[in-house]
file run_9.cif (mmCIF, C-alpha atoms and all ligand atoms)
data_target
#
loop_
_atom_site.group_PDB
_atom_site.id
_atom_site.type_symbol
_atom_site.label_atom_id
_atom_site.label_comp_id
_atom_site.auth_asym_id
_atom_site.auth_seq_id
_atom_site.Cartn_x
_atom_site.Cartn_y
_atom_site.Cartn_z
ATOM 1 C CA MET A 12 2.904 -65.465 29.867
ATOM 2 C CA THR A 13 2.774 -64.293 26.300
ATOM 3 C CA THR A 14 5.507 -62.355 24.633
ATOM 4 C CA PRO A 15 4.284 -59.883 22.043
ATOM 5 C CA ILE A 16 5.415 -60.810 18.556
ATOM 6 C CA PRO A 17 7.320 -57.856 17.103
ATOM 7 C CA SER A 18 5.785 -56.672 13.853
ATOM 8 C CA PRO A 19 8.031 -56.685 10.808
ATOM 9 C CA ALA A 20 9.738 -53.368 10.062
ATOM 10 C CA PHE A 21 7.746 -52.732 6.902
ATOM 11 C CA LEU A 22 4.475 -52.874 8.841
ATOM 12 C CA ASP A 23 5.619 -50.989 11.880
ATOM 13 C CA SER A 24 4.310 -47.464 11.436
ATOM 14 C CA SER A 25 4.490 -46.587 15.110
ATOM 15 C CA ARG A 26 5.868 -43.162 15.851
ATOM 16 C CA PRO A 27 9.198 -42.894 17.624
ATOM 17 C CA ASP A 28 9.314 -41.636 21.131
ATOM 18 C CA THR A 29 9.111 -37.951 20.294
ATOM 19 C CA PRO A 30 7.013 -35.447 22.195
ATOM 20 C CA ASP A 31 3.344 -35.499 21.349
ATOM 21 C CA LEU A 32 3.063 -31.778 21.733
ATOM 22 C CA VAL A 33 0.257 -29.560 20.478
ATOM 23 C CA VAL A 34 0.019 -25.798 20.983
ATOM 24 C CA PRO A 35 -3.708 -25.124 20.488
ATOM 25 C CA GLN A 36 -3.487 -21.384 19.815
ATOM 26 C CA GLY A 37 -0.201 -21.378 17.917
ATOM 27 C CA ILE A 38 -1.570 -19.222 15.102
ATOM 28 C CA VAL A 39 -4.100 -16.404 15.392
ATOM 29 C CA PRO A 40 -5.383 -15.072 12.060
ATOM 30 C CA PHE A 41 -6.781 -11.538 12.005
ATOM 31 C CA TYR A 42 -7.914 -8.748 9.748
ATOM 32 C CA LEU A 43 -8.522 -5.047 10.182
ATOM 33 C CA ASP A 44 -12.140 -4.153 9.540
ATOM 34 C CA GLN A 45 -12.740 -1.745 6.640
ATOM 35 C CA ARG A 46 -9.045 -1.812 5.838
ATOM 36 C CA PRO A 47 -7.201 -3.850 3.193
ATOM 37 C CA VAL A 48 -5.103 -5.661 5.785
ATOM 38 C CA ARG A 49 -5.055 -9.265 6.915
ATOM 39 C CA GLY A 50 -2.438 -11.132 8.884
ATOM 40 C CA ARG A 51 -1.369 -13.937 11.167
ATOM 41 C CA LEU A 52 0.378 -13.929 14.502
ATOM 42 C CA VAL A 53 2.406 -17.108 15.042
ATOM 43 C CA ARG A 54 3.657 -18.190 18.467
ATOM 44 C CA PRO A 55 4.695 -21.838 18.759
ATOM 45 C CA GLY A 56 5.636 -21.316 22.438
ATOM 46 C CA VAL A 57 7.300 -24.306 24.106
ATOM 47 C CA LEU A 58 7.080 -26.250 20.838
ATOM 48 C CA THR A 59 9.940 -24.101 19.515
ATOM 49 C CA ASP A 60 12.240 -25.366 22.251
ATOM 50 C CA THR A 61 11.159 -28.968 21.694
ATOM 51 C CA LEU A 62 11.834 -28.742 17.964
ATOM 52 C CA LEU A 63 15.144 -26.870 18.173
ATOM 53 C CA THR A 64 16.795 -28.736 21.045
ATOM 54 C CA ARG A 65 16.538 -32.098 19.279
ATOM 55 C CA HIS A 66 19.210 -30.821 16.880
ATOM 56 C CA ASP A 67 22.827 -30.204 17.727
ATOM 57 C CA ASN A 68 23.466 -27.242 15.408
ATOM 58 C CA PRO A 69 25.142 -24.149 16.909
ATOM 59 C CA ASP A 70 22.797 -21.626 18.563
ATOM 60 C CA VAL A 71 22.974 -19.069 15.729
ATOM 61 C CA VAL A 72 21.839 -21.787 13.327
ATOM 62 C CA LEU A 73 18.995 -22.876 15.631
ATOM 63 C CA ARG A 74 17.928 -19.270 15.870
ATOM 64 C CA LEU A 75 17.658 -19.035 12.096
ATOM 65 C CA ALA A 76 15.812 -22.362 12.043
ATOM 66 C CA GLY A 77 13.332 -21.041 14.634
ATOM 67 C CA GLU A 78 12.583 -18.062 12.412
ATOM 68 C CA ALA A 79 12.102 -20.384 9.441
ATOM 69 C CA LEU A 80 9.672 -22.528 11.463
ATOM 70 C CA ALA A 81 7.607 -19.472 12.445
ATOM 71 C CA LEU A 82 7.575 -18.374 8.802
ATOM 72 C CA VAL A 83 6.388 -21.704 7.350
ATOM 73 C CA ALA A 84 3.753 -21.951 10.099
ATOM 74 C CA ALA A 85 2.379 -18.557 9.062
ATOM 75 C CA LEU A 86 2.357 -19.466 5.388
ATOM 76 C CA ALA A 87 0.927 -22.969 5.787
ATOM 77 C CA SER A 88 -2.031 -21.546 7.711
ATOM 78 C CA SER A 89 -3.274 -19.914 4.513
ATOM 79 C CA LEU A 90 -3.312 -23.170 2.520
ATOM 80 C CA LYS A 91 -6.798 -23.808 1.206
ATOM 81 C CA PHE A 92 -6.354 -27.549 0.710
ATOM 82 C CA GLN A 93 -4.579 -30.379 2.475
ATOM 83 C CA GLY A 94 -0.879 -30.111 1.988
ATOM 84 C CA SER A 95 2.276 -28.564 3.267
ATOM 85 C CA PHE A 96 4.274 -25.412 2.861
ATOM 86 C CA SER A 97 8.052 -25.651 2.822
ATOM 87 C CA LEU A 98 11.049 -23.380 2.751
ATOM 88 C CA GLN A 99 14.390 -24.609 1.507
ATOM 89 C CA ALA A 100 17.511 -22.439 1.612
ATOM 90 C CA LYS A 101 20.676 -23.656 -0.094
ATOM 91 C CA GLY A 102 23.801 -21.560 -0.139
ATOM 92 C CA ASP A 103 27.592 -21.562 0.055
ATOM 93 C CA GLY A 104 27.700 -20.172 3.613
ATOM 94 C CA PRO A 105 28.289 -21.962 6.936
ATOM 95 C CA VAL A 106 24.659 -23.156 6.775
ATOM 96 C CA SER A 107 24.571 -25.030 3.480
ATOM 97 C CA LEU A 108 21.013 -26.289 3.839
ATOM 98 C CA LEU A 109 17.980 -25.195 5.807
ATOM 99 C CA LEU A 110 14.686 -26.998 5.382
ATOM 100 C CA ALA A 111 11.519 -26.180 7.289
ATOM 101 C CA ASP A 112 7.990 -27.278 6.584
ATOM 102 C CA CYS A 113 4.525 -27.131 8.031
ATOM 103 C CA THR A 114 1.357 -28.971 7.031
ATOM 104 C CA ASP A 115 -2.080 -27.343 6.717
ATOM 105 C CA SER A 116 -2.877 -28.854 10.122
ATOM 106 C CA GLY A 117 0.149 -27.216 11.722
ATOM 107 C CA ALA A 118 2.676 -30.072 11.950
ATOM 108 C CA LEU A 119 6.142 -28.481 12.014
ATOM 109 C CA ARG A 120 9.625 -29.892 11.401
ATOM 110 C CA PHE A 121 13.031 -28.747 10.187
ATOM 111 C CA HIS A 122 16.518 -29.848 9.275
ATOM 112 C CA ALA A 123 19.642 -27.690 9.077
ATOM 113 C CA ARG A 124 23.042 -28.716 7.771
ATOM 114 C CA SER A 125 25.794 -26.500 9.117
ATOM 115 C CA ASP A 126 29.590 -26.614 9.240
ATOM 116 C CA ASP A 127 30.479 -25.973 12.886
ATOM 117 C CA ALA A 128 34.036 -24.840 12.102
ATOM 118 C CA GLN A 129 32.795 -22.323 9.530
ATOM 119 C CA VAL A 130 30.133 -21.078 11.943
ATOM 120 C CA ALA A 131 32.792 -20.577 14.654
ATOM 121 C CA GLU A 132 34.987 -18.715 12.177
ATOM 122 C CA LEU A 133 32.132 -16.381 11.263
ATOM 123 C CA LEU A 134 31.235 -15.817 14.937
ATOM 124 C CA ALA A 135 34.837 -14.809 15.706
ATOM 125 C CA THR A 136 34.529 -11.742 13.504
ATOM 126 C CA CYS A 137 30.789 -11.239 13.742
ATOM 127 C CA PRO A 138 29.038 -12.298 16.950
ATOM 128 C CA ASN A 139 25.584 -11.605 15.545
ATOM 129 C CA PRO A 140 25.558 -12.877 11.967
ATOM 130 C CA THR A 141 22.610 -12.185 9.682
ATOM 131 C CA ALA A 142 20.741 -14.864 7.772
ATOM 132 C CA GLY A 143 22.526 -13.617 4.657
ATOM 133 C CA GLN A 144 25.926 -14.228 6.243
ATOM 134 C CA LEU A 145 24.948 -17.660 7.520
ATOM 135 C CA LEU A 146 23.481 -18.850 4.246
ATOM 136 C CA GLY A 147 25.867 -17.148 1.820
ATOM 137 C CA LYS A 148 25.138 -16.983 -1.882
ATOM 138 C CA GLY A 149 22.464 -19.325 -3.089
ATOM 139 C CA TYR A 150 18.742 -19.644 -3.406
ATOM 140 C CA LEU A 151 15.538 -19.879 -1.436
ATOM 141 C CA ALA A 152 12.758 -22.133 -2.610
ATOM 142 C CA PHE A 153 9.210 -21.794 -1.330
ATOM 143 C CA SER A 154 6.956 -24.682 -2.230
ATOM 144 C CA VAL A 155 3.408 -25.773 -1.729
ATOM 145 C CA ASP A 156 2.766 -29.493 -1.925
ATOM 146 C CA GLN A 157 -0.910 -30.403 -1.999
ATOM 147 C CA GLY A 158 -0.695 -34.157 -2.245
ATOM 148 C CA PRO A 159 0.519 -37.013 -4.442
ATOM 149 C CA ASP A 160 -1.652 -36.265 -7.478
ATOM 150 C CA THR A 161 -0.960 -32.560 -7.708
ATOM 151 C CA ASP A 162 1.874 -30.436 -9.020
ATOM 152 C CA ILE A 163 4.230 -28.891 -6.527
ATOM 153 C CA HIS A 164 4.108 -25.116 -6.852
ATOM 154 C CA GLN A 165 7.547 -23.819 -6.314
ATOM 155 C CA GLY A 166 9.034 -20.363 -6.419
ATOM 156 C CA ILE A 167 12.772 -19.922 -6.389
ATOM 157 C CA VAL A 168 14.663 -16.706 -5.702
ATOM 158 C CA GLU A 169 18.240 -15.772 -5.072
ATOM 159 C CA ILE A 170 19.161 -15.159 -1.446
ATOM 160 C CA THR A 171 19.129 -11.394 -1.105
ATOM 161 C CA GLY A 172 18.856 -9.152 1.938
ATOM 162 C CA GLU A 173 20.104 -9.462 5.460
ATOM 163 C CA SER A 174 17.351 -11.175 7.409
ATOM 164 C CA LEU A 175 15.003 -14.042 6.655
ATOM 165 C CA SER A 176 12.125 -11.588 7.282
ATOM 166 C CA ASP A 177 13.382 -9.339 4.453
ATOM 167 C CA MET A 178 13.984 -12.274 2.123
ATOM 168 C CA ALA A 179 10.485 -13.634 2.682
ATOM 169 C CA ALA A 180 8.771 -10.243 2.378
ATOM 170 C CA HIS A 181 10.638 -9.534 -0.847
ATOM 171 C CA TYR A 182 9.729 -12.912 -2.294
ATOM 172 C CA PHE A 183 6.035 -12.648 -1.447
ATOM 173 C CA THR A 184 5.660 -9.035 -2.520
ATOM 174 C CA THR A 185 7.109 -10.064 -5.899
ATOM 175 C CA SER A 186 5.277 -13.348 -6.387
ATOM 176 C CA GLU A 187 1.897 -12.447 -4.887
ATOM 177 C CA GLN A 188 1.817 -9.057 -6.595
ATOM 178 C CA HIS A 189 0.710 -7.326 -3.439
ATOM 179 C CA ALA A 190 2.496 -5.808 -0.475
ATOM 180 C CA CYS A 191 3.549 -8.182 2.298
ATOM 181 C CA TRP A 192 5.086 -7.393 5.641
ATOM 182 C CA VAL A 193 6.998 -10.063 7.572
ATOM 183 C CA ARG A 194 8.751 -9.957 10.925
ATOM 184 C CA LEU A 195 10.305 -13.112 12.371
ATOM 185 C CA PHE A 196 11.666 -13.603 15.863
ATOM 186 C CA CYS A 197 13.629 -16.309 17.638
ATOM 187 C CA GLU A 198 15.688 -16.192 20.819
ATOM 188 C CA LYS A 199 16.854 -18.412 23.613
ATOM 189 C CA THR A 200 14.925 -17.063 26.594
ATOM 190 C CA GLU A 201 15.074 -18.032 30.267
ATOM 191 C CA ARG A 202 12.371 -20.606 29.531
ATOM 192 C CA GLY A 203 14.153 -22.018 26.492
ATOM 193 C CA TRP A 204 13.901 -21.279 22.793
ATOM 194 C CA ARG A 205 10.931 -19.230 21.670
ATOM 195 C CA ALA A 206 10.008 -18.044 18.170
ATOM 196 C CA GLY A 207 7.297 -15.936 16.623
ATOM 197 C CA ALA A 208 6.120 -14.332 13.421
ATOM 198 C CA LEU A 209 3.889 -11.453 12.479
ATOM 199 C CA VAL A 210 2.941 -11.610 8.819
ATOM 200 C CA MET A 211 0.571 -9.192 7.098
ATOM 201 C CA GLU A 212 -0.580 -8.773 3.536
ATOM 202 C CA LYS A 213 -2.328 -5.960 1.751
ATOM 203 C CA ILE A 214 -5.368 -7.465 0.100
ATOM 204 C CA ALA A 215 -7.105 -6.091 -2.965
ATOM 205 C CA SER A 216 -9.610 -3.372 -2.038
ATOM 206 C CA ASP A 217 -12.076 -4.235 -4.783
ATOM 207 C CA GLY A 218 -14.887 -6.531 -3.747
ATOM 208 C CA GLY A 219 -13.331 -7.427 -0.416
ATOM 209 C CA ILE A 220 -12.845 -5.894 2.944
ATOM 210 C CA GLY A 221 -12.217 -2.187 2.650
ATOM 211 C CA THR A 222 -14.549 -1.803 -0.327
ATOM 212 C CA ASP A 223 -15.506 1.698 0.663
ATOM 213 C CA LEU A 224 -11.955 2.970 0.691
ATOM 214 C CA SER A 225 -10.291 4.914 -2.067
ATOM 215 C CA THR A 226 -6.895 3.630 -3.217
ATOM 216 C CA GLU A 227 -5.248 6.389 -1.261
ATOM 217 C CA GLU A 228 -7.186 5.594 1.925
ATOM 218 C CA GLY A 229 -6.318 1.937 1.496
ATOM 219 C CA ASP A 230 -2.630 2.796 1.139
ATOM 220 C CA ASP A 231 -2.807 4.961 4.250
ATOM 221 C CA ALA A 232 -4.487 2.186 6.247
ATOM 222 C CA TRP A 233 -1.766 -0.267 5.157
ATOM 223 C CA GLU A 234 0.916 2.243 6.079
ATOM 224 C CA THR A 235 -0.622 2.722 9.529
ATOM 225 C CA ALA A 236 -0.875 -1.040 10.090
ATOM 226 C CA THR A 237 2.773 -1.666 9.183
ATOM 227 C CA THR A 238 3.930 1.264 11.311
ATOM 228 C CA LEU A 239 2.031 -0.166 14.289
ATOM 229 C CA ALA A 240 3.310 -3.681 13.571
ATOM 230 C CA THR A 241 6.891 -2.410 13.701
ATOM 231 C CA THR A 242 6.403 -1.565 17.385
ATOM 232 C CA LEU A 243 6.025 -5.263 18.291
ATOM 233 C CA THR A 244 9.129 -6.255 20.247
ATOM 234 C CA ALA A 245 10.860 -9.630 20.542
ATOM 235 C CA HIS A 246 10.347 -9.396 24.286
ATOM 236 C CA GLU A 247 6.553 -9.198 23.805
ATOM 237 C CA ILE A 248 6.052 -11.870 21.160
ATOM 238 C CA LEU A 249 8.349 -14.363 22.933
ATOM 239 C CA ASP A 250 6.717 -13.891 26.338
ATOM 240 C CA ASP A 251 4.513 -16.910 27.220
ATOM 241 C CA ASP A 252 2.624 -14.831 29.786
ATOM 242 C CA LEU A 253 1.186 -12.489 27.171
ATOM 243 C CA SER A 254 -1.686 -13.958 25.172
ATOM 244 C CA SER A 255 -1.822 -13.475 21.406
ATOM 245 C CA ALA A 256 -5.135 -11.645 21.821
ATOM 246 C CA THR A 257 -3.460 -9.183 24.189
ATOM 247 C CA LEU A 258 -0.596 -8.612 21.779
ATOM 248 C CA LEU A 259 -2.862 -8.022 18.791
ATOM 249 C CA HIS A 260 -5.085 -5.761 20.864
ATOM 250 C CA ARG A 261 -2.068 -3.688 21.901
ATOM 251 C CA LEU A 262 -1.063 -3.250 18.279
ATOM 252 C CA PHE A 263 -4.330 -2.796 16.412
ATOM 253 C CA HIS A 264 -7.139 -1.961 18.875
ATOM 254 C CA ALA A 265 -7.727 1.391 17.172
ATOM 255 C CA GLU A 266 -7.663 -0.137 13.680
ATOM 256 C CA GLY A 267 -10.768 -2.329 13.679
ATOM 257 C CA LEU A 268 -9.020 -5.500 14.826
ATOM 258 C CA MET A 269 -11.024 -8.675 14.109
ATOM 259 C CA MET A 270 -9.535 -11.965 15.260
ATOM 260 C CA GLY A 271 -10.257 -15.308 13.603
ATOM 261 C CA GLN A 272 -10.313 -18.853 14.921
ATOM 262 C CA PRO A 273 -6.922 -19.785 16.411
ATOM 263 C CA ARG A 274 -5.116 -22.752 14.839
ATOM 264 C CA ALA A 275 -2.937 -25.370 16.428
ATOM 265 C CA LEU A 276 0.734 -26.096 15.860
ATOM 266 C CA ALA A 277 2.309 -29.454 16.645
ATOM 267 C CA PHE A 278 5.458 -31.518 16.595
ATOM 268 C CA GLY A 279 5.398 -32.726 13.022
ATOM 269 C CA CYS A 280 7.956 -35.309 12.124
ATOM 270 C CA ARG A 281 6.487 -37.910 9.765
ATOM 271 C CA CYS A 282 9.129 -40.598 10.109
ATOM 272 C CA SER A 283 8.345 -44.183 11.093
ATOM 273 C CA ARG A 284 10.070 -47.569 10.992
ATOM 274 C CA ALA A 285 7.929 -48.495 7.994
ATOM 275 C CA ARG A 286 9.049 -45.452 6.050
ATOM 276 C CA LEU A 287 12.735 -45.903 6.796
ATOM 277 C CA SER A 288 12.641 -49.637 6.169
ATOM 278 C CA GLY A 289 11.122 -48.774 2.784
ATOM 279 C CA ILE A 290 14.156 -46.604 2.058
ATOM 280 C CA LEU A 291 16.547 -49.340 3.207
ATOM 281 C CA GLU A 292 14.879 -51.846 0.885
ATOM 282 C CA THR A 293 16.077 -49.782 -2.085
ATOM 283 C CA PHE A 294 19.745 -50.434 -1.201
ATOM 284 C CA THR A 295 21.749 -53.327 -2.618
ATOM 285 C CA LEU A 296 22.774 -56.257 -0.432
ATOM 286 C CA ASP A 297 26.360 -55.038 -0.529
ATOM 287 C CA ASP A 298 25.408 -51.564 0.695
ATOM 288 C CA LEU A 299 23.279 -53.029 3.466
ATOM 289 C CA ASP A 300 26.121 -55.282 4.602
ATOM 290 C CA HIS A 301 28.385 -52.245 4.769
ATOM 291 C CA MET A 302 25.826 -50.244 6.728
ATOM 292 C CA ALA A 303 25.343 -52.969 9.325
ATOM 293 C CA GLN A 304 27.439 -52.829 12.449
ATOM 294 C CA ASP A 305 27.352 -56.021 14.508
ATOM 295 C CA GLY A 306 24.266 -57.033 12.569
ATOM 296 C CA THR A 307 22.361 -53.800 13.196
ATOM 297 C CA ILE A 308 21.639 -51.001 10.746
ATOM 298 C CA THR A 309 20.978 -47.617 12.327
ATOM 299 C CA MET A 310 19.083 -44.923 10.451
ATOM 300 C CA ASN A 311 18.813 -41.461 11.889
ATOM 301 C CA CYS A 312 15.875 -39.207 11.004
ATOM 302 C CA SER A 313 17.331 -35.835 10.041
ATOM 303 C CA PHE A 314 14.158 -34.004 11.102
ATOM 304 C CA CYS A 315 13.648 -35.273 14.646
ATOM 305 C CA ASN A 316 17.060 -36.849 15.241
ATOM 306 C CA HIS A 317 15.506 -40.140 16.303
ATOM 307 C CA SER A 318 17.572 -43.278 15.666
ATOM 308 C CA PHE A 319 15.890 -46.346 14.215
ATOM 309 C CA HIS A 320 17.584 -49.716 14.544
ATOM 310 C CA PHE A 321 17.017 -52.587 12.160
ATOM 311 C CA GLN A 322 18.379 -56.096 12.339
ATOM 312 C CA ARG A 323 20.274 -56.774 9.129
ATOM 313 C CA GLY A 324 18.021 -59.838 8.616
ATOM 314 C CA GLU A 325 14.858 -57.693 8.674
ATOM 315 C CA ILE A 326 15.818 -55.956 5.443
ATOM 316 C CA ALA A 327 15.814 -57.997 2.238
ATOM 317 C CA GLY A 328 17.383 -55.290 0.069
ATOM 318 C CA LYS A 329 17.650 -55.110 -3.691
ATOM 319 C CA SER A 330 19.268 -58.117 -5.292
ATOM 320 C CA ALA A 331 21.448 -57.218 -8.272
HETATM 321 ZN ZN ZN B 401 11.668 -38.002 12.371
#
call {"tool": "encode", "arguments": {"input": "run_9.cif", "output": "structure tokens"}}
result
Amino acid sequence: MTTPIPSPAFLDSSRPDTPDLVVPQGIVPFYLDQRPVRGRLVRPGVLTDTLLTRHDNPDVVLRLAGEALALVAALASSLKFQGSFSLQAKGDGPVSLLLADCTDSGALRFHARSDDAQVAELLATCPNPTAGQLLGKGYLAFSVDQGPDTDIHQGIVEITGESLSDMAAHYFTTSEQHACWVRLFCEKTERGWRAGALVMEKIASDGGIGTDLSTEEGDDAWETATTLATTLTAHEILDDDLSSATLLHRLFHAEGLMMGQPRALAFGCRCSRARLSGILETFTLDDLDHMAQDGTITMNCSFCNHSFHFQRGEIAGKSA
């Protein structure tokens, strides 16, 4: 009988035991033929529940996190290069930090830091708090990271508005210099947590789709599209039994709906023993000795909540 030799922590890049879950049609891009409108319908389905239930934040915080996940999924799907799109919200409210990101290939993850006592206090006076109330005063940062040798493009705005949908639409309308429409959804349904996003942007009429339209006709077409989009209900977008094609058809069948190739979404934590052991190696011997309990150091990944255990002897640490 041979016993497998355990590989040293710094070489062990195996993924923790987290669900290997892929939702093949998580994002459906679309445009409206002969109209200056393009958009994305995001429905992570059961993946939402898998991502949210690994965290022990209160439900109102998970709900906000679900909306943030749907938003970054929509925005990452328009990346033209390899990279990731992230949203970071930092404020003085009960949720002091919310981080969500999605890679160009649809790998999603999030982390929320909330004060349970403050959340309970807010819920006592306001059972349905807005994103603005949860986050408080602070800022939102949207960033695109396209790899180690590139600059991170980051846009930072003050938290304004009630909902995350409004905050995002305001930010993109300002920074992209064209109209954007964003609606985010997240609820705990009978089948578990579900989230969704419908995001549309008004593209330039010159030289693109909608070339034949006058400015006024283009504005009218945009107006019609957003009016129709407003009729999408949470019940519809969060219903697993309705396909995305059906939903889009219901909304835009009379507006020249053209659907693109669906894109996948997946469970996207990037932690590994190798990565965390690398972090531990930057600590001093003293710190490591303090972190060890009965000879074992435990590191918890804040994105997937997986615990990694290291024998104190596995980590050399920084001498000095
Ligand atoms: Zn992780």
call {"tool": "closest_residue", "arguments": {"input": "run_9.cif", "among": "A:Gln45, A:Gln304, A:Ser154, A:Thr237", "to": "Leu90 in chain A", "atoms": "all atoms listed in the file"}}
result
A:Ser154
call {"tool": "residues_near_ligand", "arguments": {"input": "run_9.cif", "ligand": "ligand ZN 401 (chain B)", "cutoff": "8 Å", "atoms": "only C-alpha atoms and all ligand atoms", "output": "PyMOL selection string"}}
result
chain A and resi 27+280-283+311-317
call {"tool": "resolve_selection", "arguments": {"input": "run_9.cif", "expression": "the PyMOL selection byres (((chain A and resi 176) around 7) and not hetatm)", "output": "list of chain:residue names"}}
result
A:Ser174, A:Leu175, A:Asp177, A:Met178, A:Ala179, A:Ala180, A:Val193, A:Arg194, A:Leu195
call {"tool": "resolve_selection", "arguments": {"input": "run_9.cif", "expression": "the PyMOL selection byres (((chain A and resi 305) around 12) and not hetatm)", "output": "MDAnalysis selection string"}}
result
chainID A and resid 300:304 306:309 320:324
call {"tool": "closest_residue", "arguments": {"input": "run_9.cif", "among": "A:Ala215, A:Leu243, A:Ala131, A:Leu209", "to": "Pro47 in chain A", "atoms": "all atoms listed in the file"}}
result
A:Ala215
call {"tool": "residues_around", "arguments": {"input": "run_9.cif", "residues": "His264 in chain A", "least_positions_apart": "3", "cutoff": "12 Å", "atoms": "only C-alpha atoms", "output": "list in words"}}
result
Phe41, Tyr42, Leu43, Asp44, Ala236, Leu239, Ala240, Ala256, Thr257, Leu258, Leu259, His260, Arg261, Gly267, Leu268, Met269 and Met270 of chain A
call {"tool": "resolve_selection", "arguments": {"input": "run_9.cif", "expression": "the PyMOL selection byres (((chain A and resi 149) around 12) and not hetatm)", "output": "ChimeraX atom specification"}}
result
/A:99-109,142-148,150-152,167-172
call {"tool": "closest_residue", "arguments": {"input": "run_9.cif", "among": "A:Phe319, A:Gly117, A:Ala84, A:Phe263", "to": "Ser288 in chain A", "atoms": "only C-alpha atoms"}}
result
A:Phe319
call {"tool": "closest_residue", "arguments": {"input": "run_9.cif", "among": "A:Ala265, A:Leu253, A:Ala123, A:Ala275", "to": "Asp67 in chain A", "atoms": "all atoms listed in the file"}}
result
A:Ala123
call {"tool": "closest_residue", "arguments": {"input": "run_9.cif", "among": "A:Gln157, A:Ser89, A:Ser95, A:Thr64", "to": "Lys199 in chain A", "atoms": "all atoms listed in the file"}}
result
A:Thr64
call {"tool": "atom_distance", "arguments": {"input": "run_9.cif", "atom1": "CA of His66 in chain A", "atom2": "CA of Ala87 in chain A"}}
result
22.8 Å
call {"tool": "atom_distance", "arguments": {"input": "run_9.cif", "atom1": "CA of Arg120 in chain A", "atom2": "CA of Lys91 in chain A"}}
result
20.3 Å
call {"tool": "atom_distance", "arguments": {"input": "run_9.cif", "atom1": "CA of Leu133 in chain A", "atom2": "CA of Ala76 in chain A"}}
result
17.4 Å
call {"tool": "residues_around", "arguments": {"input": "run_9.cif", "residues": "Phe196 in chain A", "least_positions_apart": "5", "cutoff": "12 Å", "atoms": "all atoms listed in the file", "output": "PDB file with C-alpha atoms, in the coordinates of the input"}}
result
ATOM      1  CA  LEU A  52       0.378 -13.929  14.502  1.00  0.00           C
ATOM      2  CA  VAL A  53       2.406 -17.108  15.042  1.00  0.00           C
ATOM      3  CA  ARG A  54       3.657 -18.190  18.467  1.00  0.00           C
ATOM      4  CA  PRO A  55       4.695 -21.838  18.759  1.00  0.00           C
ATOM      5  CA  GLY A  56       5.636 -21.316  22.438  1.00  0.00           C
ATOM      6  CA  THR A  59       9.940 -24.101  19.515  1.00  0.00           C
ATOM      7  CA  LEU A  73      18.995 -22.876  15.631  1.00  0.00           C
ATOM      8  CA  ARG A  74      17.928 -19.270  15.870  1.00  0.00           C
ATOM      9  CA  LEU A  75      17.658 -19.035  12.096  1.00  0.00           C
ATOM     10  CA  ALA A  76      15.812 -22.362  12.043  1.00  0.00           C
ATOM     11  CA  GLY A  77      13.332 -21.041  14.634  1.00  0.00           C
ATOM     12  CA  GLU A  78      12.583 -18.062  12.412  1.00  0.00           C
ATOM     13  CA  ALA A  79      12.102 -20.384   9.441  1.00  0.00           C
ATOM     14  CA  LEU A  80       9.672 -22.528  11.463  1.00  0.00           C
ATOM     15  CA  ALA A  81       7.607 -19.472  12.445  1.00  0.00           C
ATOM     16  CA  LEU A  82       7.575 -18.374   8.802  1.00  0.00           C
ATOM     17  CA  SER A 174      17.351 -11.175   7.409  1.00  0.00           C
ATOM     18  CA  LEU A 175      15.003 -14.042   6.655  1.00  0.00           C
ATOM     19  CA  SER A 176      12.125 -11.588   7.282  1.00  0.00           C
ATOM     20  CA  TRP A 204      13.901 -21.279  22.793  1.00  0.00           C
ATOM     21  CA  ARG A 205      10.931 -19.230  21.670  1.00  0.00           C
ATOM     22  CA  ALA A 206      10.008 -18.044  18.170  1.00  0.00           C
ATOM     23  CA  GLY A 207       7.297 -15.936  16.623  1.00  0.00           C
ATOM     24  CA  ALA A 208       6.120 -14.332  13.421  1.00  0.00           C
ATOM     25  CA  LEU A 209       3.889 -11.453  12.479  1.00  0.00           C
ATOM     26  CA  VAL A 210       2.941 -11.610   8.819  1.00  0.00           C
ATOM     27  CA  LEU A 243       6.025  -5.263  18.291  1.00  0.00           C
ATOM     28  CA  THR A 244       9.129  -6.255  20.247  1.00  0.00           C
ATOM     29  CA  ALA A 245      10.860  -9.630  20.542  1.00  0.00           C
ATOM     30  CA  HIS A 246      10.347  -9.396  24.286  1.00  0.00           C
ATOM     31  CA  GLU A 247       6.553  -9.198  23.805  1.00  0.00           C
ATOM     32  CA  ILE A 248       6.052 -11.870  21.160  1.00  0.00           C
ATOM     33  CA  LEU A 249       8.349 -14.363  22.933  1.00  0.00           C
ATOM     34  CA  ASP A 250       6.717 -13.891  26.338  1.00  0.00           C
TER      35      ASP A 250
END
call {"tool": "decode", "arguments": {"input": "run_9.cif", "residues": "range 105-119 of chain A", "atoms": "C-alpha atoms", "output": "compact mmCIF listing (two decimals), in the first residue's frame"}}
result
# COMPACT_ATOMS: atom_id res chain seq x y z
CA PRO A 105 -24.41 48.94 8.48
CA VAL A 106 -22.74 47.44 5.38
CA SER A 107 -19.27 48.98 5.52
CA LEU A 108 -17.88 47.05 2.57
CA LEU A 109 -19.37 45.30 -0.43
CA LEU A 110 -17.12 43.77 -3.05
CA ALA A 111 -18.34 41.88 -6.10
CA ASP A 112 -16.43 40.89 -9.18
CA CYS A 113 -16.80 38.91 -12.36
CA THR A 114 -14.19 37.84 -14.91
CA ASP A 115 -14.65 38.08 -18.69
CA SER A 116 -15.39 34.35 -18.63
CA GLY A 117 -18.18 34.80 -16.09
CA ALA A 118 -16.55 33.70 -12.81
CA LEU A 119 -18.45 35.45 -10.00
